[in-house]
Amino acid sequence: MAIEVWTWPTPNGHKVHIALEELGLPYTVVPVNIGAGEQFRPEFLAITPNHRIPAIVDPEGPGGQRITLFESGAILLYLAEKTGRLVPSDPAGRYACLQWLMFQMGGVGPMFGQYGHFHAYAPEQIPYAKERYAKEVGRLHRVLEKRLSEAEYLAGDAYSIADIATFPWVRNPARRNIDLAEFPAVKRWHDAIAARPAVMRGVEVLAANQRTGAITEKEREVLFGNTQFKAG
């Protein structure tokens with residue numbers, strides 16, 4: 001039976017799309033238009049208490065029982081362990097993979113997200129915030145550069161969920177005023193992953209729904225205003 005993926009075309013959504021494509025698992029997409037507030041609908045909150053995409057429902061979870069999961073990192077780890085792929089089998093390699101997965105979850109995702117918020121979405125310009133997150137985005141690229149100068153992939157020799165988690169955030173670097181030519185090891189890694197057929201398919205999921213213009217006031221309120229704090 002197919003896994004339900006409740007999602008939208010964001011970096012966190014793309015992580016799960018890519019993993020499912022790489023693993024060849026059957027899945028169905030349930031769009032959750034976060035700009036329109038669909039993440040606050042009761043049917044979505046029944047799956048995740050945090051009203052954030054992505055979330056999955058696997059009717060054939062552990063022991064053949066239905067399981068629901070939220071948080072993209074947990075979903076990636078679940079899918080990898082379900083199939084026995086995309087996480088190194090040796091203990092040292094596994095922990096290397098997990099540490100870089102956590103680096104993305106705790107560093108790359110939140111900091112790149114804050115950059116995007118203060119540079120593109122904040123209703124007022126706050127120079128301190130813009131400078132702080134621009135510097136942090138640069139620093140995190142330098143961390144990635146060092147690691148990828150030493151290893152082909154984040155976990156070592158093998159492509160893993162650590163790469164899948166990080167790639168959608170490094171993708172489209174111009175949005176963060178980053179020139180990957182300044183980070184040749186990151187660029188080599190990025191280009192190799194971008195060329196993978198499964199990755200190409202993954203980033204096309206719901207691609208027609210990606211915003212192309214400026215954020216509307218309604219979307220701003222739904223995504224960043226009081227609406228989100230009243231839900232849950």
# chains A, B, ... in the order shown; residues from 1 in each chain; ligands from 1
$ select_by_dssp --residues "segment 75-139 of chain A" --states "helix (DSSP H, G or I)" --output "PDB file with C-alpha atoms, in the first residue's frame"
ATOM      1  CA  ILE A  75      10.544  10.629   8.486  1.00  0.00           C
ATOM      2  CA  LEU A  76      13.839  10.253   6.608  1.00  0.00           C
ATOM      3  CA  LEU A  77      15.235   7.977   9.301  1.00  0.00           C
ATOM      4  CA  TYR A  78      12.054   5.918   9.321  1.00  0.00           C
ATOM      5  CA  LEU A  79      12.053   5.454   5.544  1.00  0.00           C
ATOM      6  CA  ALA A  80      15.741   4.528   5.539  1.00  0.00           C
ATOM      7  CA  GLU A  81      15.295   1.960   8.294  1.00  0.00           C
ATOM      8  CA  LYS A  82      12.113   0.591   6.711  1.00  0.00           C
ATOM      9  CA  THR A  83      14.075  -0.265   3.575  1.00  0.00           C
ATOM     10  CA  PRO A  91      28.120   1.797  13.510  1.00  0.00           C
ATOM     11  CA  ALA A  92      30.689   4.526  12.859  1.00  0.00           C
ATOM     12  CA  GLY A  93      29.182   5.333   9.469  1.00  0.00           C
ATOM     13  CA  ARG A  94      25.686   5.344  10.931  1.00  0.00           C
ATOM     14  CA  TYR A  95      26.630   7.884  13.574  1.00  0.00           C
ATOM     15  CA  ALA A  96      28.438  10.029  11.005  1.00  0.00           C
ATOM     16  CA  CYS A  97      25.212  10.035   8.989  1.00  0.00           C
ATOM     17  CA  LEU A  98      23.099  10.889  12.017  1.00  0.00           C
ATOM     18  CA  GLN A  99      25.351  13.722  13.122  1.00  0.00           C
ATOM     19  CA  TRP A 100      25.133  15.404   9.712  1.00  0.00           C
ATOM     20  CA  LEU A 101      21.395  14.806   9.621  1.00  0.00           C
ATOM     21  CA  MET A 102      21.144  16.585  12.974  1.00  0.00           C
ATOM     22  CA  PHE A 103      23.443  19.346  11.676  1.00  0.00           C
ATOM     23  CA  GLN A 104      20.875  20.008   8.975  1.00  0.00           C
ATOM     24  CA  MET A 105      17.926  19.802  11.336  1.00  0.00           C
ATOM     25  CA  GLY A 106      19.450  22.038  13.991  1.00  0.00           C
ATOM     26  CA  GLY A 107      21.590  24.339  11.865  1.00  0.00           C
ATOM     27  CA  VAL A 108      21.130  24.523   8.118  1.00  0.00           C
ATOM     28  CA  GLY A 109      17.330  24.393   8.074  1.00  0.00           C
ATOM     29  CA  PRO A 110      16.574  26.845  10.895  1.00  0.00           C
ATOM     30  CA  MET A 111      19.313  29.329  10.004  1.00  0.00           C
ATOM     31  CA  PHE A 112      18.629  29.318   6.258  1.00  0.00           C
ATOM     32  CA  GLY A 113      14.949  29.674   7.101  1.00  0.00           C
ATOM     33  CA  GLN A 114      15.611  32.697   9.301  1.00  0.00           C
ATOM     34  CA  TYR A 115      17.676  34.237   6.508  1.00  0.00           C
ATOM     35  CA  GLY A 116      14.756  33.805   4.141  1.00  0.00           C
ATOM     36  CA  HIS A 117      12.305  35.246   6.632  1.00  0.00           C
ATOM     37  CA  PHE A 118      14.216  38.433   7.420  1.00  0.00           C
ATOM     38  CA  HIS A 119      15.429  39.032   3.870  1.00  0.00           C
ATOM     39  CA  ALA A 120      12.246  38.174   1.969  1.00  0.00           C
ATOM     40  CA  TYR A 121       9.209  37.992   4.242  1.00  0.00           C
ATOM     41  CA  PRO A 127      19.551  45.230   9.637  1.00  0.00           C
ATOM     42  CA  TYR A 128      20.813  43.349  12.690  1.00  0.00           C
ATOM     43  CA  ALA A 129      18.720  40.261  11.875  1.00  0.00           C
ATOM     44  CA  LYS A 130      19.610  40.360   8.194  1.00  0.00           C
ATOM     45  CA  GLU A 131      23.334  40.602   8.958  1.00  0.00           C
ATOM     46  CA  ARG A 132      23.223  37.946  11.669  1.00  0.00           C
ATOM     47  CA  TYR A 133      21.581  35.301   9.495  1.00  0.00           C
ATOM     48  CA  ALA A 134      23.597  36.193   6.392  1.00  0.00           C
ATOM     49  CA  LYS A 135      26.770  35.585   8.389  1.00  0.00           C
ATOM     50  CA  GLU A 136      25.416  32.328   9.781  1.00  0.00           C
ATOM     51  CA  VAL A 137      24.459  31.095   6.310  1.00  0.00           C
ATOM     52  CA  GLY A 138      28.013  31.822   5.170  1.00  0.00           C
ATOM     53  CA  ARG A 139      29.484  30.061   8.188  1.00  0.00           C
TER      54      ARG A 139
END
$ residues_around --residues "Glu204 of chain A" --least-positions-apart "4" --cutoff "12 Å" --atoms "only C-alpha atoms" --output "PyMOL selection string"
chain A and resi 8-11+13-15+17-18+21+168+194+197-200+208-210
$ write_last_selection --atoms "C-alpha atoms" --output "mmCIF file, in the first residue's frame"
data_model
loop_
_atom_site.group_PDB
_atom_site.id
_atom_site.type_symbol
_atom_site.label_atom_id
_atom_site.label_comp_id
_atom_site.auth_asym_id
_atom_site.auth_seq_id
_atom_site.Cartn_x
_atom_site.Cartn_y
_atom_site.Cartn_z
ATOM 1 C CA TRP A 8 4.030 21.217 0.033
ATOM 2 C CA PRO A 9 6.962 22.203 -2.268
ATOM 3 C CA THR A 10 9.333 23.531 0.393
ATOM 4 C CA PRO A 11 12.839 22.297 1.258
ATOM 5 C CA GLY A 13 8.808 18.727 1.793
ATOM 6 C CA HIS A 14 11.383 18.015 -0.895
ATOM 7 C CA LYS A 15 13.469 15.967 1.539
ATOM 8 C CA HIS A 17 9.807 13.473 -1.874
ATOM 9 C CA ILE A 18 13.434 12.784 -2.784
ATOM 10 C CA GLU A 21 11.867 8.484 -5.071
ATOM 11 C CA PRO A 168 17.043 21.063 -0.768
ATOM 12 C CA ALA A 194 21.009 17.590 -8.522
ATOM 13 C CA PRO A 197 17.095 11.148 -11.588
ATOM 14 C CA ALA A 198 15.293 10.489 -8.296
ATOM 15 C CA VAL A 199 16.240 13.939 -7.041
ATOM 16 C CA MET A 200 14.976 15.525 -10.240
ATOM 17 C CA ALA A 208 3.624 24.022 -10.152
ATOM 18 C CA ASN A 209 2.373 25.263 -6.767
ATOM 19 C CA GLN A 210 5.548 27.101 -5.812
#
$ atom_distance --atom1 "atom CA of Ile56 of chain A" --atom2 "atom CA of Thr212 of chain A"
26.6 Å
$ select_by_dssp --residues "segment 20-200 of chain A" --states "strand (DSSP E or B)" --output "number ranges by chain"
A: 27-31, 55-58, 67-70, 153, 156
$ write_last_selection --atoms "all heavy atoms" --output "short mmCIF file (atom, residue, chain, number, x, y, z; two decimals), in the first residue's frame"
data_model
loop_
_atom_site.label_atom_id
_atom_site.label_comp_id
_atom_site.auth_asym_id
_atom_site.auth_seq_id
_atom_site.Cartn_x
_atom_site.Cartn_y
_atom_site.Cartn_z
N TYR A 27 3.97 6.04 -3.19
CA TYR A 27 3.40 7.07 -2.33
C TYR A 27 2.37 7.89 -3.08
O TYR A 27 2.38 7.96 -4.30
CB TYR A 27 4.50 7.99 -1.77
CG TYR A 27 5.21 8.87 -2.77
CD1 TYR A 27 4.84 10.21 -2.95
CD2 TYR A 27 6.29 8.39 -3.53
CE1 TYR A 27 5.51 11.03 -3.85
CE2 TYR A 27 6.96 9.21 -4.43
CZ TYR A 27 6.57 10.53 -4.58
OH TYR A 27 7.23 11.35 -5.47
N THR A 28 1.47 8.46 -2.31
CA THR A 28 0.49 9.38 -2.84
C THR A 28 0.68 10.72 -2.15
O THR A 28 1.00 10.78 -0.95
CB THR A 28 -0.95 8.89 -2.62
OG1 THR A 28 -1.18 8.71 -1.21
CG2 THR A 28 -1.19 7.59 -3.35
N VAL A 29 0.49 11.79 -2.89
CA VAL A 29 0.70 13.14 -2.38
C VAL A 29 -0.63 13.74 -1.95
O VAL A 29 -1.61 13.72 -2.70
CB VAL A 29 1.36 14.02 -3.45
CG1 VAL A 29 1.41 15.48 -3.00
CG2 VAL A 29 2.76 13.51 -3.77
N VAL A 30 -0.65 14.26 -0.73
CA VAL A 30 -1.80 15.01 -0.22
C VAL A 30 -1.32 16.45 -0.05
O VAL A 30 -0.61 16.77 0.89
CB VAL A 30 -2.31 14.45 1.11
CG1 VAL A 30 -3.55 15.24 1.57
CG2 VAL A 30 -2.61 12.97 1.01
N PRO A 31 -1.67 17.34 -0.99
CA PRO A 31 -1.16 18.72 -0.90
C PRO A 31 -1.73 19.43 0.33
O PRO A 31 -2.91 19.30 0.66
CB PRO A 31 -1.67 19.37 -2.19
CG PRO A 31 -2.02 18.23 -3.10
CD PRO A 31 -2.46 17.12 -2.21
N ALA A 55 4.29 15.46 6.73
CA ALA A 55 3.90 14.36 7.61
C ALA A 55 3.56 13.18 6.71
O ALA A 55 3.22 13.37 5.54
CB ALA A 55 2.72 14.74 8.49
N ILE A 56 3.69 11.99 7.25
CA ILE A 56 3.35 10.81 6.45
C ILE A 56 2.42 9.89 7.23
O ILE A 56 2.38 9.92 8.47
CB ILE A 56 4.59 10.00 6.00
CG1 ILE A 56 5.30 9.37 7.20
CG2 ILE A 56 5.53 10.87 5.19
CD1 ILE A 56 6.35 8.32 6.81
N VAL A 57 1.68 9.10 6.47
CA VAL A 57 0.90 7.99 7.02
C VAL A 57 1.33 6.75 6.24
O VAL A 57 1.17 6.69 5.02
CB VAL A 57 -0.62 8.21 6.85
CG1 VAL A 57 -1.38 7.02 7.43
CG2 VAL A 57 -1.04 9.51 7.51
N ASP A 58 1.88 5.78 6.97
CA ASP A 58 2.26 4.52 6.35
C ASP A 58 1.32 3.44 6.86
O ASP A 58 1.36 3.07 8.03
CB ASP A 58 3.71 4.16 6.70
CG ASP A 58 4.19 2.91 5.96
OD1 ASP A 58 3.38 2.28 5.24
OD2 ASP A 58 5.38 2.56 6.10
N ILE A 67 1.15 3.73 10.87
CA ILE A 67 1.94 4.66 11.66
C ILE A 67 1.87 6.04 11.02
O ILE A 67 1.83 6.16 9.79
CB ILE A 67 3.42 4.20 11.77
CG1 ILE A 67 4.20 5.11 12.75
CG2 ILE A 67 4.10 4.14 10.41
CD1 ILE A 67 5.60 4.62 13.03
N THR A 68 1.79 7.06 11.84
CA THR A 68 1.87 8.43 11.36
C THR A 68 3.13 9.05 11.92
O THR A 68 3.53 8.75 13.05
CB THR A 68 0.64 9.27 11.80
OG1 THR A 68 0.66 9.40 13.23
CG2 THR A 68 -0.65 8.61 11.36
N LEU A 69 3.76 9.90 11.13
CA LEU A 69 5.00 10.55 11.56
C LEU A 69 5.03 11.99 11.06
O LEU A 69 4.62 12.28 9.94
CB LEU A 69 6.22 9.82 10.99
CG LEU A 69 6.69 8.54 11.67
CD1 LEU A 69 7.82 7.91 10.84
CD2 LEU A 69 7.19 8.82 13.08
N PHE A 70 5.55 12.87 11.91
CA PHE A 70 5.86 14.23 11.48
C PHE A 70 7.32 14.48 11.80
O PHE A 70 7.99 13.63 12.39
CB PHE A 70 4.93 15.26 12.15
CG PHE A 70 5.10 15.40 13.64
CD1 PHE A 70 5.86 16.46 14.15
CD2 PHE A 70 4.50 14.53 14.53
CE1 PHE A 70 6.01 16.62 15.53
CE2 PHE A 70 4.64 14.69 15.89
CZ PHE A 70 5.39 15.73 16.41
N TYR A 153 30.55 12.49 0.29
CA TYR A 153 29.22 12.81 0.80
C TYR A 153 29.33 13.16 2.27
O TYR A 153 30.36 12.95 2.91
CB TYR A 153 28.26 11.64 0.59
CG TYR A 153 28.02 11.29 -0.86
CD1 TYR A 153 28.62 10.17 -1.44
CD2 TYR A 153 27.21 12.09 -1.65
CE1 TYR A 153 28.40 9.86 -2.78
CE2 TYR A 153 26.98 11.79 -2.99
CZ TYR A 153 27.59 10.67 -3.55
OH TYR A 153 27.38 10.38 -4.86
N GLY A 156 30.29 10.30 4.44
CA GLY A 156 31.51 9.61 4.03
C GLY A 156 31.47 9.25 2.56
O GLY A 156 31.20 10.11 1.71
#
$ residues_around --residues "Ala181 of chain A" --least-positions-apart "5" --cutoff "12 Å" --atoms "only C-alpha atoms" --output "short mmCIF file (atom, residue, chain, number, x, y, z; two decimals) with all heavy atoms, in the first residue's frame"
data_model
loop_
_atom_site.label_atom_id
_atom_site.label_comp_id
_atom_site.auth_asym_id
_atom_site.auth_seq_id
_atom_site.Cartn_x
_atom_site.Cartn_y
_atom_site.Cartn_z
N HIS A 141 27.93 27.26 5.28
CA HIS A 141 28.51 26.83 4.00
C HIS A 141 29.98 26.48 4.17
O HIS A 141 30.48 25.55 3.54
CB HIS A 141 28.33 27.91 2.93
CG HIS A 141 27.01 27.85 2.22
ND1 HIS A 141 25.87 28.42 2.74
CD2 HIS A 141 26.65 27.26 1.05
CE1 HIS A 141 24.87 28.20 1.90
NE2 HIS A 141 25.31 27.50 0.87
N GLU A 145 31.71 23.04 3.36
CA GLU A 145 32.87 23.02 2.47
C GLU A 145 34.00 22.19 3.06
O GLU A 145 34.63 21.38 2.37
CB GLU A 145 33.34 24.45 2.19
CG GLU A 145 34.56 24.55 1.29
CD GLU A 145 34.30 24.16 -0.16
OE1 GLU A 145 33.12 24.04 -0.55
OE2 GLU A 145 35.29 23.96 -0.88
N PRO A 173 20.95 28.63 -4.39
CA PRO A 173 21.78 29.44 -3.49
C PRO A 173 21.62 30.95 -3.68
O PRO A 173 21.85 31.71 -2.74
CB PRO A 173 23.20 28.99 -3.82
CG PRO A 173 23.12 28.46 -5.23
CD PRO A 173 21.77 27.82 -5.32
N ALA A 174 21.23 31.40 -4.87
CA ALA A 174 21.09 32.83 -5.11
C ALA A 174 20.04 33.45 -4.18
O ALA A 174 20.11 34.65 -3.88
CB ALA A 174 20.71 33.09 -6.57
N VAL A 186 31.30 22.09 -2.03
CA VAL A 186 29.84 22.09 -1.91
C VAL A 186 29.22 22.08 -3.30
O VAL A 186 28.24 21.37 -3.54
CB VAL A 186 29.36 23.32 -1.11
CG1 VAL A 186 27.84 23.36 -1.07
CG2 VAL A 186 29.92 23.28 0.31
N LYS A 187 29.79 22.84 -4.23
CA LYS A 187 29.25 22.88 -5.59
C LYS A 187 29.37 21.52 -6.25
O LYS A 187 28.42 21.06 -6.92
CB LYS A 187 29.97 23.93 -6.44
CG LYS A 187 29.34 24.12 -7.82
CD LYS A 187 30.01 25.22 -8.60
CE LYS A 187 29.23 25.54 -9.88
NZ LYS A 187 29.00 24.34 -10.73
N ARG A 188 30.50 20.85 -6.09
CA ARG A 188 30.67 19.51 -6.65
C ARG A 188 29.61 18.56 -6.12
O ARG A 188 28.95 17.84 -6.87
CB ARG A 188 32.08 19.02 -6.30
CG ARG A 188 32.46 17.63 -6.84
CD ARG A 188 32.18 16.52 -5.85
NE ARG A 188 32.78 16.76 -4.56
CZ ARG A 188 32.40 16.13 -3.45
NH1 ARG A 188 31.39 15.26 -3.48
NH2 ARG A 188 32.99 16.37 -2.29
N TRP A 189 29.40 18.60 -4.82
CA TRP A 189 28.40 17.76 -4.15
C TRP A 189 26.99 18.12 -4.62
O TRP A 189 26.19 17.25 -4.98
CB TRP A 189 28.56 17.95 -2.65
CG TRP A 189 27.49 17.43 -1.77
CD1 TRP A 189 27.39 16.18 -1.23
CD2 TRP A 189 26.37 18.17 -1.25
NE1 TRP A 189 26.27 16.09 -0.42
CE2 TRP A 189 25.64 17.31 -0.42
CE3 TRP A 189 25.92 19.49 -1.40
CZ2 TRP A 189 24.47 17.70 0.25
CZ3 TRP A 189 24.77 19.89 -0.75
CH2 TRP A 189 24.06 19.00 0.06
N HIS A 190 26.67 19.41 -4.63
CA HIS A 190 25.35 19.87 -5.05
C HIS A 190 25.04 19.44 -6.47
O HIS A 190 23.95 18.91 -6.76
CB HIS A 190 25.29 21.40 -4.94
CG HIS A 190 24.08 22.01 -5.59
ND1 HIS A 190 24.03 22.27 -6.95
CD2 HIS A 190 22.89 22.40 -5.09
CE1 HIS A 190 22.86 22.80 -7.25
NE2 HIS A 190 22.15 22.89 -6.15
N ASP A 191 25.97 19.64 -7.37
CA ASP A 191 25.72 19.34 -8.78
C ASP A 191 25.54 17.84 -9.00
O ASP A 191 24.72 17.42 -9.83
CB ASP A 191 26.85 19.88 -9.65
CG ASP A 191 26.88 21.39 -9.68
OD1 ASP A 191 25.95 22.03 -9.16
OD2 ASP A 191 27.87 21.96 -10.21
#
$ closest_residue --among "A:Ala185, A:Leu20, A:Leu140, A:Ala46" --to "Arg85 of chain A" --atoms "only C-alpha atoms"
A:Leu20
$ residues_around --residues "Thr216 of chain A" --least-positions-apart "2" --cutoff "12 Å" --atoms "only C-alpha atoms" --output "number ranges by chain"
A: 35-36, 120-123, 211-214, 218-224
$ write_last_selection --atoms "N, CA, C and O atoms" --output "compact mmCIF listing (two decimals), in the first residue's frame"
# COMPACT_ATOMS: atom_id res chain seq x y z
N GLY A 35 0.26 28.37 2.52
CA GLY A 35 -0.07 29.78 2.36
C GLY A 35 -1.54 30.07 2.54
O GLY A 35 -1.93 31.17 2.94
N ALA A 36 -2.36 29.05 2.28
CA ALA A 36 -3.81 29.19 2.43
C ALA A 36 -4.31 28.72 3.78
O ALA A 36 -5.51 28.77 4.06
N ALA A 120 13.30 38.21 3.00
CA ALA A 120 12.25 38.17 1.97
C ALA A 120 10.83 38.38 2.50
O ALA A 120 9.97 38.84 1.77
N TYR A 121 10.58 38.02 3.77
CA TYR A 121 9.21 37.99 4.24
C TYR A 121 8.88 38.96 5.38
O TYR A 121 7.71 39.26 5.60
N ALA A 122 9.87 39.39 6.12
CA ALA A 122 9.60 40.25 7.27
C ALA A 122 8.95 41.55 6.81
O ALA A 122 9.37 42.14 5.81
N PRO A 123 7.93 42.03 7.52
CA PRO A 123 7.24 43.26 7.10
C PRO A 123 8.08 44.51 7.30
O PRO A 123 7.75 45.56 6.75
N ARG A 211 5.38 29.39 -5.08
CA ARG A 211 5.12 30.81 -5.25
C ARG A 211 6.15 31.41 -6.19
O ARG A 211 7.34 31.16 -6.07
N THR A 212 5.68 32.25 -7.10
CA THR A 212 6.60 32.92 -8.03
C THR A 212 6.67 34.42 -7.80
O THR A 212 7.60 35.07 -8.24
N GLY A 213 5.70 34.97 -7.10
CA GLY A 213 5.69 36.41 -6.84
C GLY A 213 5.91 36.71 -5.37
O GLY A 213 6.28 35.85 -4.58
N ALA A 214 5.67 37.95 -5.02
CA ALA A 214 5.84 38.39 -3.64
C ALA A 214 4.77 37.76 -2.75
O ALA A 214 3.66 37.44 -3.21
N LYS A 218 -2.25 38.15 3.12
CA LYS A 218 -2.97 37.00 3.67
C LYS A 218 -2.00 35.86 3.97
O LYS A 218 -2.07 35.24 5.05
N GLU A 219 -1.10 35.58 3.04
CA GLU A 219 -0.12 34.52 3.28
C GLU A 219 0.79 34.87 4.44
O GLU A 219 1.14 34.00 5.26
N ARG A 220 1.19 36.13 4.52
CA ARG A 220 2.06 36.56 5.62
C ARG A 220 1.39 36.31 6.98
O ARG A 220 2.01 35.85 7.92
N GLU A 221 0.10 36.63 7.04
CA GLU A 221 -0.63 36.43 8.30
C GLU A 221 -0.72 34.95 8.64
O GLU A 221 -0.50 34.54 9.79
N VAL A 222 -1.03 34.13 7.65
CA VAL A 222 -1.17 32.69 7.89
C VAL A 222 0.16 32.08 8.32
O VAL A 222 0.22 31.28 9.26
N LEU A 223 1.24 32.45 7.63
CA LEU A 223 2.53 31.82 7.88
C LEU A 223 3.26 32.39 9.08
O LEU A 223 3.96 31.65 9.80
N PHE A 224 3.12 33.69 9.32
CA PHE A 224 3.95 34.33 10.34
C PHE A 224 3.17 35.12 11.38
O PHE A 224 3.75 35.61 12.34
$ atom_distance --atom1 "atom CA of Pro49 of chain A" --atom2 "atom CA of Ala162 of chain A"
25.0 Å
$ atom_distance --atom1 "atom CA of Asp90 of chain A" --atom2 "atom CA of Leu144 of chain A"
22.7 Å
$ closest_residue --among "A:Thr7, A:Glu217, A:Pro54, A:Val16" --to "Val32 of chain A" --atoms "only C-alpha atoms"
A:Thr7
$ decode --residues "segment 92-169 of chain A" --atoms "C-alpha atoms" --output "PDB file, in the first residue's frame"
ATOM      1  CA  ALA A  92      30.689   4.526  12.859  1.00  0.00           C
ATOM      2  CA  GLY A  93      29.182   5.333   9.469  1.00  0.00           C
ATOM      3  CA  ARG A  94      25.686   5.344  10.931  1.00  0.00           C
ATOM      4  CA  TYR A  95      26.630   7.884  13.574  1.00  0.00           C
ATOM      5  CA  ALA A  96      28.438  10.029  11.005  1.00  0.00           C
ATOM      6  CA  CYS A  97      25.212  10.035   8.989  1.00  0.00           C
ATOM      7  CA  LEU A  98      23.099  10.889  12.017  1.00  0.00           C
ATOM      8  CA  GLN A  99      25.351  13.722  13.122  1.00  0.00           C
ATOM      9  CA  TRP A 100      25.133  15.404   9.712  1.00  0.00           C
ATOM     10  CA  LEU A 101      21.395  14.806   9.621  1.00  0.00           C
ATOM     11  CA  MET A 102      21.144  16.585  12.974  1.00  0.00           C
ATOM     12  CA  PHE A 103      23.443  19.346  11.676  1.00  0.00           C
ATOM     13  CA  GLN A 104      20.875  20.008   8.975  1.00  0.00           C
ATOM     14  CA  MET A 105      17.926  19.802  11.336  1.00  0.00           C
ATOM     15  CA  GLY A 106      19.450  22.038  13.991  1.00  0.00           C
ATOM     16  CA  GLY A 107      21.590  24.339  11.865  1.00  0.00           C
ATOM     17  CA  VAL A 108      21.130  24.523   8.118  1.00  0.00           C
ATOM     18  CA  GLY A 109      17.330  24.393   8.074  1.00  0.00           C
ATOM     19  CA  PRO A 110      16.574  26.845  10.895  1.00  0.00           C
ATOM     20  CA  MET A 111      19.313  29.329  10.004  1.00  0.00           C
ATOM     21  CA  PHE A 112      18.629  29.318   6.258  1.00  0.00           C
ATOM     22  CA  GLY A 113      14.949  29.674   7.101  1.00  0.00           C
ATOM     23  CA  GLN A 114      15.611  32.697   9.301  1.00  0.00           C
ATOM     24  CA  TYR A 115      17.676  34.237   6.508  1.00  0.00           C
ATOM     25  CA  GLY A 116      14.756  33.805   4.141  1.00  0.00           C
ATOM     26  CA  HIS A 117      12.305  35.246   6.632  1.00  0.00           C
ATOM     27  CA  PHE A 118      14.216  38.433   7.420  1.00  0.00           C
ATOM     28  CA  HIS A 119      15.429  39.032   3.870  1.00  0.00           C
ATOM     29  CA  ALA A 120      12.246  38.174   1.969  1.00  0.00           C
ATOM     30  CA  TYR A 121       9.209  37.992   4.242  1.00  0.00           C
ATOM     31  CA  ALA A 122       9.595  40.251   7.269  1.00  0.00           C
ATOM     32  CA  PRO A 123       7.245  43.263   7.105  1.00  0.00           C
ATOM     33  CA  GLU A 124      10.025  45.563   8.266  1.00  0.00           C
ATOM     34  CA  GLN A 125      13.741  45.657   7.506  1.00  0.00           C
ATOM     35  CA  ILE A 126      15.865  44.769  10.539  1.00  0.00           C
ATOM     36  CA  PRO A 127      19.551  45.230   9.637  1.00  0.00           C
ATOM     37  CA  TYR A 128      20.813  43.349  12.690  1.00  0.00           C
ATOM     38  CA  ALA A 129      18.720  40.261  11.875  1.00  0.00           C
ATOM     39  CA  LYS A 130      19.610  40.360   8.194  1.00  0.00           C
ATOM     40  CA  GLU A 131      23.334  40.602   8.958  1.00  0.00           C
ATOM     41  CA  ARG A 132      23.223  37.946  11.669  1.00  0.00           C
ATOM     42  CA  TYR A 133      21.581  35.301   9.495  1.00  0.00           C
ATOM     43  CA  ALA A 134      23.597  36.193   6.392  1.00  0.00           C
ATOM     44  CA  LYS A 135      26.770  35.585   8.389  1.00  0.00           C
ATOM     45  CA  GLU A 136      25.416  32.328   9.781  1.00  0.00           C
ATOM     46  CA  VAL A 137      24.459  31.095   6.310  1.00  0.00           C
ATOM     47  CA  GLY A 138      28.013  31.822   5.170  1.00  0.00           C
ATOM     48  CA  ARG A 139      29.484  30.061   8.188  1.00  0.00           C
ATOM     49  CA  LEU A 140      27.390  26.953   7.633  1.00  0.00           C
ATOM     50  CA  HIS A 141      28.509  26.826   4.004  1.00  0.00           C
ATOM     51  CA  ARG A 142      32.101  26.905   5.248  1.00  0.00           C
ATOM     52  CA  VAL A 143      31.366  23.982   7.570  1.00  0.00           C
ATOM     53  CA  LEU A 144      29.904  22.049   4.640  1.00  0.00           C
ATOM     54  CA  GLU A 145      32.870  23.017   2.470  1.00  0.00           C
ATOM     55  CA  LYS A 146      35.338  21.613   4.983  1.00  0.00           C
ATOM     56  CA  ARG A 147      33.458  18.351   5.328  1.00  0.00           C
ATOM     57  CA  LEU A 148      32.919  17.895   1.588  1.00  0.00           C
ATOM     58  CA  SER A 149      36.587  18.641   0.937  1.00  0.00           C
ATOM     59  CA  GLU A 150      37.329  15.567   3.038  1.00  0.00           C
ATOM     60  CA  ALA A 151      34.569  13.210   1.895  1.00  0.00           C
ATOM     61  CA  GLU A 152      32.447  12.651  -1.191  1.00  0.00           C
ATOM     62  CA  TYR A 153      29.217  12.814   0.797  1.00  0.00           C
ATOM     63  CA  LEU A 154      28.322  14.121   4.225  1.00  0.00           C
ATOM     64  CA  ALA A 155      28.381  10.713   5.898  1.00  0.00           C
ATOM     65  CA  GLY A 156      31.508   9.607   4.032  1.00  0.00           C
ATOM     66  CA  ASP A 157      31.783   7.551   0.861  1.00  0.00           C
ATOM     67  CA  ALA A 158      28.080   6.767   0.499  1.00  0.00           C
ATOM     68  CA  TYR A 159      25.092   8.946  -0.372  1.00  0.00           C
ATOM     69  CA  SER A 160      22.672   9.006   2.553  1.00  0.00           C
ATOM     70  CA  ILE A 161      19.713  10.688   4.175  1.00  0.00           C
ATOM     71  CA  ALA A 162      22.130  13.331   5.482  1.00  0.00           C
ATOM     72  CA  ASP A 163      22.674  14.474   1.891  1.00  0.00           C
ATOM     73  CA  ILE A 164      18.971  14.240   1.090  1.00  0.00           C
ATOM     74  CA  ALA A 165      18.131  16.403   4.101  1.00  0.00           C
ATOM     75  CA  THR A 166      20.689  19.082   3.264  1.00  0.00           C
ATOM     76  CA  PHE A 167      20.460  19.331  -0.512  1.00  0.00           C
ATOM     77  CA  PRO A 168      17.043  21.063  -0.768  1.00  0.00           C
ATOM     78  CA  TRP A 169      18.291  23.835   1.526  1.00  0.00           C
TER      79      TRP A 169
END
